[in-house]
>>> print(open('target-v7.txt').read())   # compact mmCIF, C-alpha atoms and all ligand atoms
# COMPACT_ATOMS: atom_id res chain seq x y z
CA MET A 12 6.71 22.27 7.46
CA SER A 13 3.36 20.50 7.59
CA ILE A 14 3.16 17.28 5.61
CA VAL A 15 0.10 18.78 3.89
CA GLU A 16 2.40 21.19 2.07
CA ARG A 17 3.60 18.10 0.18
CA ALA A 18 0.10 17.54 -1.26
CA ARG A 19 -0.81 18.53 -4.81
CA PRO A 20 -1.08 22.34 -4.97
CA GLU A 21 -4.39 22.22 -6.88
CA ILE A 22 -5.93 20.05 -4.15
CA ARG A 23 -4.71 22.42 -1.45
CA ALA A 24 -6.26 25.31 -3.40
CA LEU A 25 -9.52 23.51 -4.15
CA VAL A 26 -12.77 24.94 -2.84
CA PRO A 27 -14.76 21.79 -2.03
CA TYR A 28 -18.35 21.13 -3.09
CA ALA A 29 -20.68 22.39 -0.37
CA SER A 30 -24.23 21.12 -0.10
CA ALA A 31 -26.82 23.61 1.14
CA ARG A 32 -27.29 21.50 4.25
CA SER A 33 -23.63 21.52 5.16
CA LEU A 34 -23.78 25.34 5.21
CA ALA A 35 -26.86 25.73 7.43
CA ALA A 36 -28.14 24.73 10.87
CA PRO A 37 -30.53 21.73 10.96
CA ALA A 38 -34.01 22.78 9.80
CA GLN A 39 -37.55 21.52 10.42
CA VAL A 40 -38.42 21.61 6.74
CA ASN A 41 -35.80 20.56 4.21
CA LEU A 42 -36.52 21.96 0.75
CA ASP A 43 -32.88 22.28 -0.26
CA ALA A 44 -31.81 18.97 -1.85
CA ASN A 45 -34.57 17.88 -4.23
CA GLU A 46 -35.30 14.80 -2.12
CA ASN A 47 -38.63 12.95 -2.18
CA PRO A 48 -40.53 13.88 1.01
CA TRP A 49 -42.16 10.43 1.33
CA ALA A 50 -40.52 7.18 2.37
CA SER A 51 -39.72 4.42 -0.10
CA PRO A 52 -41.21 0.98 0.65
CA ALA A 53 -37.61 -0.13 1.14
CA ASP A 54 -37.03 2.50 3.85
CA GLY A 55 -36.97 0.25 6.91
CA GLY A 56 -37.14 3.29 9.21
CA MET A 57 -33.78 4.60 8.06
CA ALA A 58 -34.97 7.82 6.34
CA LEU A 59 -33.44 6.66 3.08
CA ASN A 60 -35.28 9.41 1.22
CA ARG A 61 -32.79 11.88 2.74
CA TYR A 62 -29.15 12.32 1.75
CA PRO A 63 -26.87 11.08 4.52
CA ASP A 64 -24.56 13.30 6.48
CA PRO A 65 -21.16 13.07 4.70
CA GLN A 66 -19.41 12.28 8.02
CA PRO A 67 -22.26 11.45 10.45
CA ALA A 68 -21.48 12.90 13.88
CA SER A 69 -22.69 9.82 15.78
CA LEU A 70 -20.56 7.42 13.71
CA LEU A 71 -17.59 9.77 13.87
CA SER A 72 -17.87 9.87 17.64
CA ALA A 73 -18.21 6.06 17.86
CA LEU A 74 -15.08 5.57 15.73
CA SER A 75 -13.20 8.27 17.61
CA ASP A 76 -14.02 6.40 20.84
CA LEU A 77 -13.09 3.04 19.32
CA TYR A 78 -9.71 4.20 18.06
CA GLY A 79 -8.96 6.53 20.99
CA LEU A 80 -8.41 9.66 18.90
CA PRO A 81 -10.24 13.01 18.65
CA SER A 82 -12.85 13.04 15.89
CA ASN A 83 -10.92 15.69 13.94
CA GLN A 84 -8.24 13.02 13.38
CA VAL A 85 -10.74 10.54 11.91
CA LEU A 86 -11.96 10.32 8.30
CA ILE A 87 -14.67 7.74 7.60
CA THR A 88 -14.30 6.17 4.14
CA ARG A 89 -15.94 3.50 1.96
CA GLY A 90 -13.56 0.80 3.09
CA SER A 91 -9.86 1.49 3.46
CA ASP A 92 -9.59 1.05 -0.31
CA GLU A 93 -11.15 4.50 -0.68
CA ALA A 94 -8.73 6.00 1.85
CA ILE A 95 -5.77 4.60 -0.13
CA ASP A 96 -7.19 6.14 -3.32
CA LEU A 97 -7.85 9.54 -1.65
CA LEU A 98 -4.31 9.66 -0.25
CA VAL A 99 -2.71 8.92 -3.61
CA ARG A 100 -4.91 11.40 -5.45
CA ALA A 101 -4.34 14.16 -2.88
CA PHE A 102 -0.55 13.78 -2.68
CA CYS A 103 0.73 12.49 -6.02
CA ARG A 104 1.15 14.59 -9.15
CA SER A 105 0.62 12.37 -12.16
CA GLY A 106 3.80 11.48 -14.06
CA GLN A 107 6.02 12.89 -11.34
CA ASP A 108 5.45 11.81 -7.73
CA ALA A 109 6.12 8.43 -6.19
CA VAL A 110 4.83 6.07 -3.52
CA ALA A 111 6.96 3.37 -1.87
CA GLN A 112 5.78 -0.05 -0.81
CA CYS A 113 7.30 -3.30 0.48
CA PRO A 114 6.15 -6.25 -1.61
CA PRO A 115 4.82 -8.84 -1.22
CA CYS A 116 2.00 -6.67 0.12
CA PHE A 117 -1.61 -5.68 -0.48
CA GLY A 118 -2.11 -4.95 -4.20
CA MET A 119 -4.21 -1.79 -3.88
CA TYR A 120 -1.31 0.55 -3.07
CA ALA A 121 0.31 -0.01 -6.46
CA ILE A 122 -3.03 -0.06 -8.29
CA ALA A 123 -4.13 3.27 -6.79
CA ALA A 124 -0.70 4.72 -7.66
CA ARG A 125 -0.84 3.49 -11.27
CA ILE A 126 -4.38 4.82 -11.75
CA GLN A 127 -3.13 8.22 -10.61
CA GLY A 128 0.00 7.97 -12.80
CA ALA A 129 2.35 7.90 -9.80
CA ARG A 130 5.60 5.93 -9.74
CA VAL A 131 5.89 2.92 -7.47
CA ILE A 132 9.20 2.38 -5.64
CA ASP A 133 9.49 -1.22 -4.48
CA CYS A 134 11.54 -2.03 -1.37
CA PRO A 135 10.87 -5.76 -0.97
CA LEU A 136 10.51 -7.35 2.47
CA GLN A 137 13.73 -9.16 3.34
CA GLY A 138 14.69 -12.73 4.03
CA GLY A 139 12.64 -15.79 4.80
CA ASP A 140 10.70 -14.02 7.56
CA PHE A 141 9.74 -10.97 5.49
CA ASP A 142 11.52 -8.34 7.58
CA LEU A 143 10.94 -4.65 6.91
CA PRO A 144 13.80 -3.16 4.81
CA VAL A 145 14.07 -0.17 7.16
CA GLU A 146 17.46 0.94 5.89
CA SER A 147 16.54 0.96 2.20
CA LEU A 148 13.31 2.83 3.02
CA CYS A 149 15.17 5.41 5.11
CA GLN A 150 17.75 5.83 2.35
CA ILE A 151 15.35 6.59 -0.50
CA GLN A 152 16.44 9.99 -1.76
CA ASP A 153 13.63 11.00 -4.06
CA PRO A 154 12.39 14.57 -3.70
CA ASP A 155 9.04 13.45 -5.15
CA LEU A 156 8.43 10.57 -2.73
CA LYS A 157 5.08 11.41 -1.14
CA LEU A 158 3.66 8.28 0.50
CA ILE A 159 5.17 5.15 2.05
CA PHE A 160 2.66 2.31 2.39
CA LEU A 161 3.34 -0.26 5.09
CA CYS A 162 1.01 -3.02 6.25
CA SER A 163 0.93 -4.56 9.74
CA PRO A 164 0.05 -7.39 10.09
CA ASN A 165 1.01 -7.67 6.45
CA ASN A 166 -1.26 -9.20 3.83
CA PRO A 167 -0.34 -11.83 2.56
CA THR A 168 2.56 -12.75 4.87
CA GLY A 169 0.84 -12.32 8.26
CA SER A 170 3.95 -10.71 9.74
CA SER A 171 3.78 -7.60 11.95
CA LEU A 172 5.99 -4.55 11.97
CA ASP A 173 8.07 -3.35 14.86
CA SER A 174 6.63 0.03 15.95
CA SER A 175 10.07 1.46 16.70
CA GLU A 176 11.17 0.76 13.12
CA VAL A 177 8.11 2.56 11.73
CA LEU A 178 8.82 5.57 13.94
CA GLU A 179 12.47 5.52 12.84
CA LEU A 180 11.24 5.64 9.24
CA CYS A 181 8.86 8.54 9.99
CA ALA A 182 11.80 10.50 11.39
CA ALA A 183 14.10 9.62 8.48
CA GLN A 184 11.56 10.57 5.79
CA PRO A 185 9.83 13.67 7.22
CA ASP A 186 8.69 14.79 3.73
CA ALA A 187 6.69 11.61 3.07
CA LEU A 188 3.50 10.47 4.79
CA VAL A 189 4.03 7.00 6.27
CA VAL A 190 0.72 5.12 5.97
CA VAL A 191 0.40 1.99 8.09
CA ASP A 192 -2.44 -0.26 6.95
CA GLU A 193 -3.74 -2.01 10.06
CA ALA A 194 -6.60 -3.95 8.45
CA TYR A 195 -5.82 -6.95 10.70
CA ALA A 196 -4.68 -5.16 13.87
CA GLU A 197 -7.52 -6.57 16.01
CA PHE A 198 -6.04 -10.03 15.50
CA ALA A 199 -2.55 -8.83 16.47
CA GLY A 200 -3.48 -6.86 19.57
CA HIS A 201 -1.03 -4.03 18.92
CA SER A 202 -1.24 -0.85 16.89
CA LEU A 203 0.41 2.45 16.06
CA LEU A 204 -2.78 4.42 16.73
CA SER A 205 -1.37 5.96 19.91
CA GLU A 206 1.32 7.69 17.80
CA VAL A 207 -1.17 9.33 15.40
CA GLY A 208 -1.20 13.11 15.85
CA ARG A 209 2.03 12.96 17.87
CA VAL A 210 4.03 12.01 14.76
CA PRO A 211 2.94 14.51 12.08
CA ASN A 212 3.76 12.27 9.08
CA LEU A 213 2.15 9.07 10.37
CA ALA A 214 -1.29 7.88 9.22
CA VAL A 215 -3.06 4.63 10.09
CA LEU A 216 -5.73 2.82 8.07
CA ARG A 217 -8.35 0.71 9.83
CA THR A 218 -11.33 -1.17 8.44
CA LEU A 219 -14.59 -2.71 9.60
CA SER A 220 -14.22 -5.38 6.89
CA LYS A 221 -12.23 -8.03 8.76
CA ALA A 222 -12.50 -8.42 12.56
CA TRP A 223 -15.79 -6.48 12.61
CA SER A 224 -17.34 -8.78 10.04
CA LEU A 225 -18.72 -5.94 7.89
CA ALA A 226 -16.93 -6.32 4.54
CA GLY A 227 -20.27 -5.78 2.79
CA ALA A 228 -20.95 -2.48 4.56
CA ARG A 229 -17.80 -0.88 3.03
CA CYS A 230 -16.59 1.15 5.97
CA GLY A 231 -13.06 2.06 6.89
CA ALA A 232 -11.25 4.90 8.58
CA LEU A 233 -8.13 6.95 8.09
CA LEU A 234 -6.53 8.19 11.29
CA ALA A 235 -4.06 11.02 10.83
CA SER A 236 -3.18 14.50 12.01
CA GLN A 237 -6.00 17.00 11.62
CA ASP A 238 -4.46 18.83 8.66
CA VAL A 239 -4.27 15.59 6.64
CA ILE A 240 -7.89 14.75 7.50
CA ASP A 241 -9.02 18.28 6.53
CA LEU A 242 -7.17 17.98 3.22
CA LEU A 243 -8.79 14.67 2.27
CA ARG A 244 -12.28 15.89 3.24
CA ARG A 245 -11.93 18.31 0.33
CA ILE A 246 -11.83 15.53 -2.23
CA LEU A 247 -14.31 13.19 -0.59
CA PRO A 248 -17.48 12.76 -2.68
CA PRO A 249 -20.38 14.79 -1.22
CA TYR A 250 -22.29 11.82 0.29
CA PRO A 251 -19.85 8.91 0.45
CA LEU A 252 -21.48 6.74 3.10
CA PRO A 253 -24.78 4.94 2.38
CA THR A 254 -27.29 5.22 5.23
CA PRO A 255 -27.75 1.41 5.60
CA SER A 256 -23.98 1.08 6.07
CA ILE A 257 -23.93 3.86 8.65
CA CYS A 258 -26.74 2.11 10.57
CA ALA A 259 -25.03 -1.29 10.37
CA VAL A 260 -21.69 0.05 11.62
CA GLU A 261 -23.33 1.96 14.48
CA ARG A 262 -25.08 -1.24 15.61
CA ALA A 263 -21.85 -3.23 15.34
CA LEU A 264 -20.04 -0.68 17.51
CA SER A 265 -22.60 -0.89 20.34
CA PRO A 266 -21.32 -2.39 23.63
CA GLU A 267 -22.97 -5.70 22.71
CA GLY A 268 -21.51 -5.59 19.20
CA ARG A 269 -18.05 -4.97 20.62
CA GLN A 270 -18.33 -8.03 22.88
CA ILE A 271 -19.36 -10.18 19.93
CA MET A 272 -16.40 -8.92 17.88
CA THR A 273 -13.99 -9.68 20.72
CA ARG A 274 -15.36 -13.22 21.05
CA GLN A 275 -15.19 -13.86 17.31
CA VAL A 276 -11.62 -12.57 17.12
CA LYS A 277 -10.56 -14.83 20.01
CA ARG A 278 -12.20 -17.78 18.34
CA LEU A 279 -10.51 -17.04 15.00
CA ILE A 280 -7.11 -16.68 16.69
CA GLY A 281 -7.59 -20.04 18.46
CA LEU A 282 -8.60 -21.67 15.20
CA ARG A 283 -5.72 -20.07 13.32
CA ASN A 284 -3.21 -21.43 15.82
CA GLU A 285 -4.69 -24.91 15.66
CA VAL A 286 -4.88 -24.90 11.84
CA SER A 287 -1.30 -23.60 11.69
CA ARG A 288 -0.08 -26.46 13.91
CA ARG A 289 -1.95 -29.09 11.87
CA LEU A 290 -0.70 -27.69 8.57
CA ALA A 291 2.87 -27.64 9.86
CA GLU A 292 2.55 -31.36 10.63
CA ASP A 293 1.10 -32.11 7.20
CA SER A 294 3.62 -33.87 4.97
CA SER A 295 2.37 -32.06 1.85
CA VAL A 296 3.07 -28.62 3.39
CA SER A 297 6.67 -27.45 3.47
CA ARG A 298 6.27 -24.21 5.45
CA VAL A 299 3.65 -22.35 7.47
CA TRP A 300 4.57 -18.80 8.42
CA ASP A 301 3.67 -17.37 11.82
CA SER A 302 0.67 -15.11 11.42
CA GLU A 303 -0.81 -12.35 13.54
CA ALA A 304 -3.85 -12.06 11.22
CA ASN A 305 -6.87 -14.22 10.30
CA PHE A 306 -5.05 -16.05 7.50
CA LEU A 307 -1.99 -18.24 7.04
CA LEU A 308 0.65 -18.16 4.34
CA VAL A 309 1.82 -21.68 3.46
CA ARG A 310 4.31 -23.09 1.01
CA MET A 311 3.91 -26.50 -0.58
CA PRO A 312 5.31 -28.30 -3.61
CA GLU A 313 3.09 -27.76 -6.65
CA ALA A 314 1.01 -25.12 -4.88
CA ALA A 315 -0.68 -23.95 -8.10
CA ARG A 316 -1.84 -27.50 -8.82
CA PHE A 317 -3.12 -27.91 -5.26
CA TYR A 318 -4.94 -24.58 -5.60
CA ARG A 319 -6.82 -25.94 -8.65
CA HIS A 320 -7.46 -29.28 -6.94
CA ALA A 321 -8.99 -27.47 -3.92
CA ALA A 322 -11.06 -25.18 -6.14
CA GLU A 323 -12.49 -28.19 -7.97
CA ALA A 324 -13.43 -29.62 -4.59
CA GLY A 325 -15.25 -26.37 -3.77
CA VAL A 326 -12.60 -24.81 -1.50
CA LEU A 327 -11.24 -21.52 -2.81
CA LEU A 328 -7.81 -20.42 -1.60
CA ARG A 329 -5.65 -17.54 -2.75
CA ASP A 330 -2.84 -18.50 -5.10
CA PHE A 331 0.33 -16.42 -4.73
CA SER A 332 2.62 -18.91 -6.46
CA ALA A 333 3.30 -16.54 -9.37
CA VAL A 334 4.29 -13.61 -7.11
CA PRO A 335 8.05 -12.97 -6.76
CA GLY A 336 9.20 -14.10 -3.32
CA LEU A 337 6.07 -16.22 -2.83
CA GLU A 338 6.92 -19.15 -5.12
CA ASN A 339 4.67 -22.13 -4.29
CA CYS A 340 2.75 -20.09 -1.70
CA LEU A 341 -0.96 -20.04 -0.95
CA ARG A 342 -2.88 -17.86 1.47
CA ILE A 343 -5.56 -19.57 3.51
CA SER A 344 -8.19 -17.47 5.31
CA ILE A 345 -9.44 -18.86 8.61
CA GLY A 346 -13.11 -19.81 8.23
CA THR A 347 -15.42 -21.72 10.55
CA GLU A 348 -14.41 -25.02 12.17
CA GLU A 349 -16.41 -26.79 9.42
CA ASP A 350 -14.70 -24.81 6.67
CA MET A 351 -11.29 -25.82 8.01
CA GLU A 352 -12.30 -29.49 8.20
CA ARG A 353 -13.28 -29.27 4.53
CA LEU A 354 -9.81 -27.95 3.79
CA PHE A 355 -8.12 -30.77 5.71
CA GLY A 356 -10.30 -33.27 3.84
CA VAL A 357 -9.10 -31.83 0.53
CA LEU A 358 -5.48 -32.04 1.73
CA GLU A 359 -5.92 -35.67 2.71
CA GLN A 360 -7.35 -36.51 -0.72
CA TRP A 361 -4.40 -34.74 -2.30
CA ARG A 362 -1.89 -36.70 -0.23
CA ARG A 363 -3.56 -40.00 -1.10
CA ALA A 364 -3.65 -39.16 -4.81
CA ALA A 365 0.04 -38.21 -4.81
C1 LIG B 401 -8.80 -6.50 3.45
C2 LIG B 401 -7.78 -5.42 3.45
C3 LIG B 401 -8.17 -4.08 3.49
C4 LIG B 401 -9.61 -3.74 3.61
O1 LIG B 401 -10.13 -3.03 2.60
P1 LIG B 401 -11.61 -2.48 2.75
O2 LIG B 401 -11.67 -1.60 1.57
O3 LIG B 401 -11.65 -1.71 4.06
O4 LIG B 401 -12.54 -3.62 2.74
C5 LIG B 401 -7.21 -3.10 3.53
N1 LIG B 401 -5.91 -3.41 3.55
C6 LIG B 401 -5.50 -4.70 3.55
C7 LIG B 401 -4.07 -5.01 3.64
C8 LIG B 401 -6.43 -5.73 3.48
O5 LIG B 401 -6.00 -6.99 3.45
>>> encode(input="target-v7.txt", output="structure tokens")
Amino acid sequence: MSIVERARPEIRALVPYASARSLAAPAQVNLDANENPWASPADGGMALNRYPDPQPASLLSALSDLYGLPSNQVLITRGSDEAIDLLVRAFCRSGQDAVAQCPPCFGMYAIAARIQGARVIDCPLQGGDFDLPVESLCQIQDPDLKLIFLCSPNNPTGSSLDSSEVLELCAAQPDALVVVDEAYAEFAGHSLLSEVGRVPNLAVLRTLSKAWSLAGARCGALLASQDVIDLLRRILPPYPLPTPSICAVERALSPEGRQIMTRQVKRLIGLRNEVSRRLAEDSSVSRVWDSEANFLLVRMPEAARFYRHAAEAGVLLRDFSAVPGLENCLRISIGTEEDMERLFGVLEQWRRAA
């Protein structure tokens, strides 16, 4: 059975919106879409007067090359947030179906599920090192379980998953799509992308928002078997990707852009390791978790108070102290060298005031 047979029947039966241009060969004169024939002063040579291709061939081919998968296994989305939403809407019947997740994790999986009216099955990460609860995930016996969201490296813990455990889960839950969110994979240097297509119920989410430094362009990708990609294309809005974003991502993926990304990632990893070491030595910090991403999870007494102290000093951190399992924890993104010195200055002030 194809995993797509687990999708909502009305989505599988849907005849998608077809623009005139998607049905015809490229023309010399386009009188089909009620566009203005003249350029706007804001055009910047991008032909912004024209509707963009829903999945531009050149960007699709650049992403297919980047991720090492055929372009029919790639769906370009407005950030991975949109891919999460499309997956939940395509697979989950409101008031009936369920998604599973392993908190503490990225908040959008549960939000997308609740918006769709899907149940959320929580299988919390285990122990002080946030290990994947493989056995409890494998043992879920819910005929309406449709999606299992995993995240590696995980936000906000920074911990990575063991690929063999993910594959074990895919085999144990063949009727659910296992979605591995790899938003930070460039910082970890390992990925499950090579298993996509080979394992029919495995999907991977990637984004240009983190390592690629394009959070403002809103571009992400879902990598999955072709039938899953074809299914989601049906519910994609007709013109999801703004032309300026398409142009920005294509420039970033040029050979020169790729070199710059690699250098920035190396620099962030070096900084992360140094900041992690310094924080671990800091007497006001009680724990720094190992991280394979561009952020660190730390625990300190009175974390919520320190969070407010730092914010008043102009340094915004992410407060997780009210999240179960993350008592007194803060997440610190790795910024520039100067940003991190500001943070250490704030910590020193805090120690002196204590
Ligand atoms: C930042 C982040 C994303 C990225 O979302 P975009 O919509 O692509 O910007 C996805 N998943 C996780 C876990 C993240 O931390």
>>> closest_residue(input="target-v7.txt", among="A:Leu77, A:Leu279, A:Leu42, A:Ala29", to="Pro249 in chain A", atoms="only C-alpha atoms")
A:Ala29
>>> closest_residue(input="target-v7.txt", among="A:Gly79, A:Gly227, A:Pro167, A:Pro185", to="Leu337 in chain A", atoms="all atoms listed in the file")
A:Pro167
>>> atom_distance(input="target-v7.txt", atom1="CA of Met351 in chain A", atom2="CA of Phe117 in chain A")
23.9 Å
>>> residues_around(input="target-v7.txt", residues="Arg61 in chain A", least_positions_apart="3", cutoff="12 Å", atoms="all atoms listed in the file", output="VMD selection string")
chain A and resid 32 40 to 51 54 56 to 58 64 to 65 250 253 to 255
>>> closest_residue(input="target-v7.txt", among="A:Gly169, A:Pro27, A:Gly139, A:Gly128", to="Asp301 in chain A", atoms="only C-alpha atoms")
A:Gly169
>>> build_atoms(input="target-v7.txt", residues="range 34-44 of chain A", atoms="all heavy atoms", output="mmCIF file, in the coordinates of the input")
data_model
loop_
_atom_site.group_PDB
_atom_site.id
_atom_site.type_symbol
_atom_site.label_atom_id
_atom_site.label_comp_id
_atom_site.auth_asym_id
_atom_site.auth_seq_id
_atom_site.Cartn_x
_atom_site.Cartn_y
_atom_site.Cartn_z
ATOM 1 N N LEU A 34 -24.047 23.926 4.934
ATOM 2 C CA LEU A 34 -23.780 25.340 5.210
ATOM 3 C C LEU A 34 -24.740 25.914 6.251
ATOM 4 O O LEU A 34 -24.545 27.016 6.733
ATOM 5 C CB LEU A 34 -23.907 26.167 3.922
ATOM 6 C CG LEU A 34 -22.961 25.764 2.785
ATOM 7 C CD1 LEU A 34 -23.298 26.517 1.516
ATOM 8 C CD2 LEU A 34 -21.512 26.017 3.200
ATOM 9 N N ALA A 35 -25.816 25.149 6.588
ATOM 10 C CA ALA A 35 -26.860 25.730 7.430
ATOM 11 C C ALA A 35 -27.088 24.884 8.677
ATOM 12 O O ALA A 35 -26.669 23.731 8.749
ATOM 13 C CB ALA A 35 -28.168 25.812 6.622
ATOM 14 N N ALA A 36 -27.754 25.479 9.656
ATOM 15 C CA ALA A 36 -28.140 24.730 10.870
ATOM 16 C C ALA A 36 -29.257 23.766 10.499
ATOM 17 O O ALA A 36 -29.978 23.993 9.524
ATOM 18 C CB ALA A 36 -28.604 25.712 11.932
ATOM 19 N N PRO A 37 -29.447 22.675 11.254
ATOM 20 C CA PRO A 37 -30.530 21.730 10.960
ATOM 21 C C PRO A 37 -31.880 22.446 10.940
ATOM 22 O O PRO A 37 -32.140 23.306 11.778
ATOM 23 C CB PRO A 37 -30.456 20.736 12.136
ATOM 24 C CG PRO A 37 -29.094 20.883 12.712
ATOM 25 C CD PRO A 37 -28.646 22.282 12.417
ATOM 26 N N ALA A 38 -32.724 22.085 9.948
ATOM 27 C CA ALA A 38 -34.010 22.780 9.800
ATOM 28 C C ALA A 38 -35.164 21.819 10.049
ATOM 29 O O ALA A 38 -34.981 20.604 10.022
ATOM 30 C CB ALA A 38 -34.108 23.351 8.391
ATOM 31 N N GLN A 39 -36.364 22.374 10.279
ATOM 32 C CA GLN A 39 -37.550 21.520 10.420
ATOM 33 C C GLN A 39 -38.077 21.072 9.057
ATOM 34 O O GLN A 39 -38.628 20.005 8.913
ATOM 35 C CB GLN A 39 -38.668 22.271 11.168
ATOM 36 C CG GLN A 39 -38.580 22.182 12.676
ATOM 37 C CD GLN A 39 -38.375 23.549 13.299
ATOM 38 O OE1 GLN A 39 -38.914 24.547 12.826
ATOM 39 N NE2 GLN A 39 -37.565 23.597 14.341
ATOM 40 N N VAL A 40 -37.915 21.918 8.082
ATOM 41 C CA VAL A 40 -38.420 21.610 6.740
ATOM 42 C C VAL A 40 -37.233 21.692 5.771
ATOM 43 O O VAL A 40 -36.601 22.734 5.643
ATOM 44 C CB VAL A 40 -39.526 22.622 6.338
ATOM 45 C CG1 VAL A 40 -40.011 22.336 4.929
ATOM 46 C CG2 VAL A 40 -40.681 22.569 7.326
ATOM 47 N N ASN A 41 -36.956 20.591 5.108
ATOM 48 C CA ASN A 41 -35.800 20.560 4.210
ATOM 49 C C ASN A 41 -36.271 20.616 2.756
ATOM 50 O O ASN A 41 -36.778 19.637 2.220
ATOM 51 C CB ASN A 41 -34.999 19.276 4.437
ATOM 52 C CG ASN A 41 -34.229 19.326 5.739
ATOM 53 O OD1 ASN A 41 -33.414 20.220 5.967
ATOM 54 N ND2 ASN A 41 -34.519 18.393 6.617
ATOM 55 N N LEU A 42 -36.122 21.787 2.153
ATOM 56 C CA LEU A 42 -36.520 21.960 0.750
ATOM 57 C C LEU A 42 -35.277 22.350 -0.068
ATOM 58 O O LEU A 42 -35.369 23.109 -1.026
ATOM 59 C CB LEU A 42 -37.602 23.044 0.658
ATOM 60 C CG LEU A 42 -38.874 22.791 1.492
ATOM 61 C CD1 LEU A 42 -39.844 23.954 1.362
ATOM 62 C CD2 LEU A 42 -39.548 21.491 1.066
ATOM 63 N N ASP A 43 -34.147 21.819 0.306
ATOM 64 C CA ASP A 43 -32.880 22.280 -0.260
ATOM 65 C C ASP A 43 -32.199 21.274 -1.173
ATOM 66 O O ASP A 43 -31.255 21.616 -1.870
ATOM 67 C CB ASP A 43 -31.912 22.601 0.874
ATOM 68 C CG ASP A 43 -31.631 21.372 1.727
ATOM 69 O OD1 ASP A 43 -32.605 20.684 2.123
ATOM 70 O OD2 ASP A 43 -30.456 21.075 1.980
ATOM 71 N N ALA A 44 -32.640 19.978 -1.180
ATOM 72 C CA ALA A 44 -31.810 18.970 -1.850
ATOM 73 C C ALA A 44 -32.586 18.129 -2.855
ATOM 74 O O ALA A 44 -32.089 17.085 -3.284
ATOM 75 C CB ALA A 44 -31.127 18.082 -0.810
#
